[in-house]
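Novice: I am attaching a structure below and will ask some questions about it afterwards.
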Amino acid sequence: MSETVLSLYYDAFNRGDATAMLNLLTDDVVHEPSQGEPRHGKAAFAAFLDHMNRCYRERVIDPVFLTSADGARAAAEFHLEGEYLQTDNDLPPANGQRYRLRVGAFFEIVDGRIARVSNHYNLADWMRQVSGAA
């Protein structure tokens with residue numbers, strides 16, 4: 001069941017379907033980003049998705065899922081291919097730069113829905129890619 005919900009989650013992500021993603025979350029979902037403070041609840045996650053969709057166009061490539069025996073915890077590893085569309089706060093200026101990152105994500109699953117999403121990637125690598133540094 002955990003792999004199914006994660007597969008549906010990333011399929012929705014790749015389609016840019018925020019509604020489908022939100023439908024897979026618990027109402028009290030916790031989102032722990034690679035950088036910054038955790039977000040609590042679907043409304044905060046929806047605002048995050050809106051922001052991300054304005055600034056980035058991203059696609060998950062070849063996700064691999066690992067799940068605990070009881071299905072309560074899961075992880076995903078994948079590559080994220082993206083395009084930087086609009087300058088994001090104090091990050092480098094956006095002008096359509098393309099990037100590719102390895103990402104690890106960790107999940108808690110409750111009653112078939114995602115209760116926690118914790119994403120991890122190398123921000124310094126992303127900064128090098130979008131800044132044009134070698």
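Quick note on naming: the chains in the structure tokens go A, B, ... in the order shown, residues restart at 1 in each chain, and ligands are numbered from 1 in order of appearance.
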Write out as a PyMOL selection string which residues come within 7 Å of Met21 (chain A) when counting only C-alpha atoms, dropping same-chain ones fewer than 4 positions away.
Specialist: chain A and resi 9+12-13+17
Novice: For region 56-109 of chain A versus region 120-131 of chain A, which residues have an atom no more than 10 Å away, and what is each residue's nearest atom pair and distance in Å rounded to one decimal, using only C-alpha atoms, chain-then-number order, as JSON lines?
Specialist:
```
{"residue": "A:Glu77", "atom": "CA", "partner": "A:His120", "partner_atom": "CA", "distance": 9.7}
{"residue": "A:His79", "atom": "CA", "partner": "A:Tyr121", "partner_atom": "CA", "distance": 9.8}
{"residue": "A:Leu80", "atom": "CA", "partner": "A:Tyr121", "partner_atom": "CA", "distance": 9.6}
{"residue": "A:Glu83", "atom": "CA", "partner": "A:Val130", "partner_atom": "CA", "distance": 9.1}
{"residue": "A:Tyr84", "atom": "CA", "partner": "A:Val130", "partner_atom": "CA", "distance": 7.6}
{"residue": "A:Leu91", "atom": "CA", "partner": "A:Met127", "partner_atom": "CA", "distance": 8.2}
{"residue": "A:Pro92", "atom": "CA", "partner": "A:Ser131", "partner_atom": "CA", "distance": 6.6}
{"residue": "A:Pro93", "atom": "CA", "partner": "A:Ser131", "partner_atom": "CA", "distance": 8.3}
{"residue": "A:Ala94", "atom": "CA", "partner": "A:Val130", "partner_atom": "CA", "distance": 7.8}
{"residue": "A:Asn95", "atom": "CA", "partner": "A:Val130", "partner_atom": "CA", "distance": 8.9}
{"residue": "A:Gly96", "atom": "CA", "partner": "A:Val130", "partner_atom": "CA", "distance": 8.8}
{"residue": "A:Gln97", "atom": "CA", "partner": "A:Val130", "partner_atom": "CA", "distance": 5.6}
{"residue": "A:Arg98", "atom": "CA", "partner": "A:Val130", "partner_atom": "CA", "distance": 7.0}
{"residue": "A:Tyr99", "atom": "CA", "partner": "A:Gln129", "partner_atom": "CA", "distance": 5.9}
{"residue": "A:Arg100", "atom": "CA", "partner": "A:Trp126", "partner_atom": "CA", "distance": 7.7}
{"residue": "A:Leu101", "atom": "CA", "partner": "A:Tyr121", "partner_atom": "CA", "distance": 7.0}
{"residue": "A:Arg102", "atom": "CA", "partner": "A:Tyr121", "partner_atom": "CA", "distance": 6.3}
{"residue": "A:Val103", "atom": "CA", "partner": "A:Tyr121", "partner_atom": "CA", "distance": 4.9}
{"residue": "A:Gly104", "atom": "CA", "partner": "A:His120", "partner_atom": "CA", "distance": 5.2}
{"residue": "A:Ala105", "atom": "CA", "partner": "A:His120", "partner_atom": "CA", "distance": 6.1}
{"residue": "A:Phe106", "atom": "CA", "partner": "A:His120", "partner_atom": "CA", "distance": 8.6}
```
Novice: Please extract the residues of region 4-88 of chain A with a backbone DSSP assignment of helix (DSSP H, G or I) and present them as a PyMOL selection string.
Specialist: chain A and resi 4-15+18-23+42-55
Novice: Write the residues of the preceding selection, restricted to C-alpha atoms, as a PDB file, in the first residue's frame.
Specialist:
```
ATOM      1  CA  THR A   4       1.054   2.576  -4.249  1.00  0.00           C
ATOM      2  CA  VAL A   5       0.420   5.877  -2.461  1.00  0.00           C
ATOM      3  CA  LEU A   6       3.973   7.054  -3.212  1.00  0.00           C
ATOM      4  CA  SER A   7       3.633   6.084  -6.854  1.00  0.00           C
ATOM      5  CA  LEU A   8       0.355   8.016  -7.068  1.00  0.00           C
ATOM      6  CA  TYR A   9       1.972  10.989  -5.285  1.00  0.00           C
ATOM      7  CA  TYR A  10       4.892  11.227  -7.704  1.00  0.00           C
ATOM      8  CA  ASP A  11       2.691  10.584 -10.727  1.00  0.00           C
ATOM      9  CA  ALA A  12       0.564  13.551  -9.632  1.00  0.00           C
ATOM     10  CA  PHE A  13       3.728  15.594  -9.028  1.00  0.00           C
ATOM     11  CA  ASN A  14       4.944  14.882 -12.558  1.00  0.00           C
ATOM     12  CA  ARG A  15       1.563  15.931 -13.987  1.00  0.00           C
ATOM     13  CA  ALA A  18      -1.581  19.650  -6.865  1.00  0.00           C
ATOM     14  CA  THR A  19      -5.168  18.592  -6.111  1.00  0.00           C
ATOM     15  CA  ALA A  20      -4.331  14.914  -6.608  1.00  0.00           C
ATOM     16  CA  MET A  21      -1.228  15.302  -4.429  1.00  0.00           C
ATOM     17  CA  LEU A  22      -3.215  16.990  -1.648  1.00  0.00           C
ATOM     18  CA  ASN A  23      -5.845  14.229  -1.767  1.00  0.00           C
ATOM     19  CA  LYS A  42      -2.717  20.682   4.011  1.00  0.00           C
ATOM     20  CA  ALA A  43      -3.215  24.439   3.616  1.00  0.00           C
ATOM     21  CA  ALA A  44       0.487  25.098   4.274  1.00  0.00           C
ATOM     22  CA  PHE A  45       1.456  22.297   1.886  1.00  0.00           C
ATOM     23  CA  ALA A  46      -0.885  23.695  -0.790  1.00  0.00           C
ATOM     24  CA  ALA A  47       0.711  27.149  -0.421  1.00  0.00           C
ATOM     25  CA  PHE A  48       4.141  25.535  -0.776  1.00  0.00           C
ATOM     26  CA  LEU A  49       3.052  23.748  -3.967  1.00  0.00           C
ATOM     27  CA  ASP A  50       1.683  27.004  -5.413  1.00  0.00           C
ATOM     28  CA  HIS A  51       4.988  28.738  -4.707  1.00  0.00           C
ATOM     29  CA  MET A  52       7.044  25.888  -6.172  1.00  0.00           C
ATOM     30  CA  ASN A  53       4.916  25.730  -9.318  1.00  0.00           C
ATOM     31  CA  ARG A  54       5.474  29.462  -9.904  1.00  0.00           C
ATOM     32  CA  CYS A  55       9.249  29.235  -9.504  1.00  0.00           C
TER      33      CYS A  55
END
```
Novice: Hey, can you check how far CA of Gly71 (chain A) sits from CA of Ser2 (chain A)?
Specialist: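 Between these atoms lies a distance of 5.5 Å.
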Novice: Work out how far apart CA of Asp28 (chain A) and CA of Ile61 (chain A) are and give it in Å to one decimal.
Specialist: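 Computed distance, CA of Asp28 (chain A) to CA of Ile61 (chain A), equals 27.9 Å.
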Novice: Give the strand (DSSP E or B) residues of chain A, as DSSP finds them on the backbone, and put them as a PyMOL selection string.
Specialist: chain A and resi 25-32+39-40+56-67+73-84+98-110+113-120
Novice: Which residue is closest to Gly36 (chain A)? Choose from A:Leu85, A:Val60, A:Glu3, A:Ser118 and count only C-alpha atoms.
Specialist: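 Smallest distance to Gly36 (chain A) is found for A:Ser118.
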Novice: Measuring atom to atom with only C-alpha atoms, identify which of A:Leu25, A:Ile109, A:Val30, A:Val117 is nearest to Arg73 (chain A).
Specialist: A:Ile109
Novice: Of the residues A:Glu37, A:Asp70, A:Asp88, A:Glu81, which is the one nearest to Arg57 (chain A), using only C-alpha atoms?
Specialist: A:Glu81
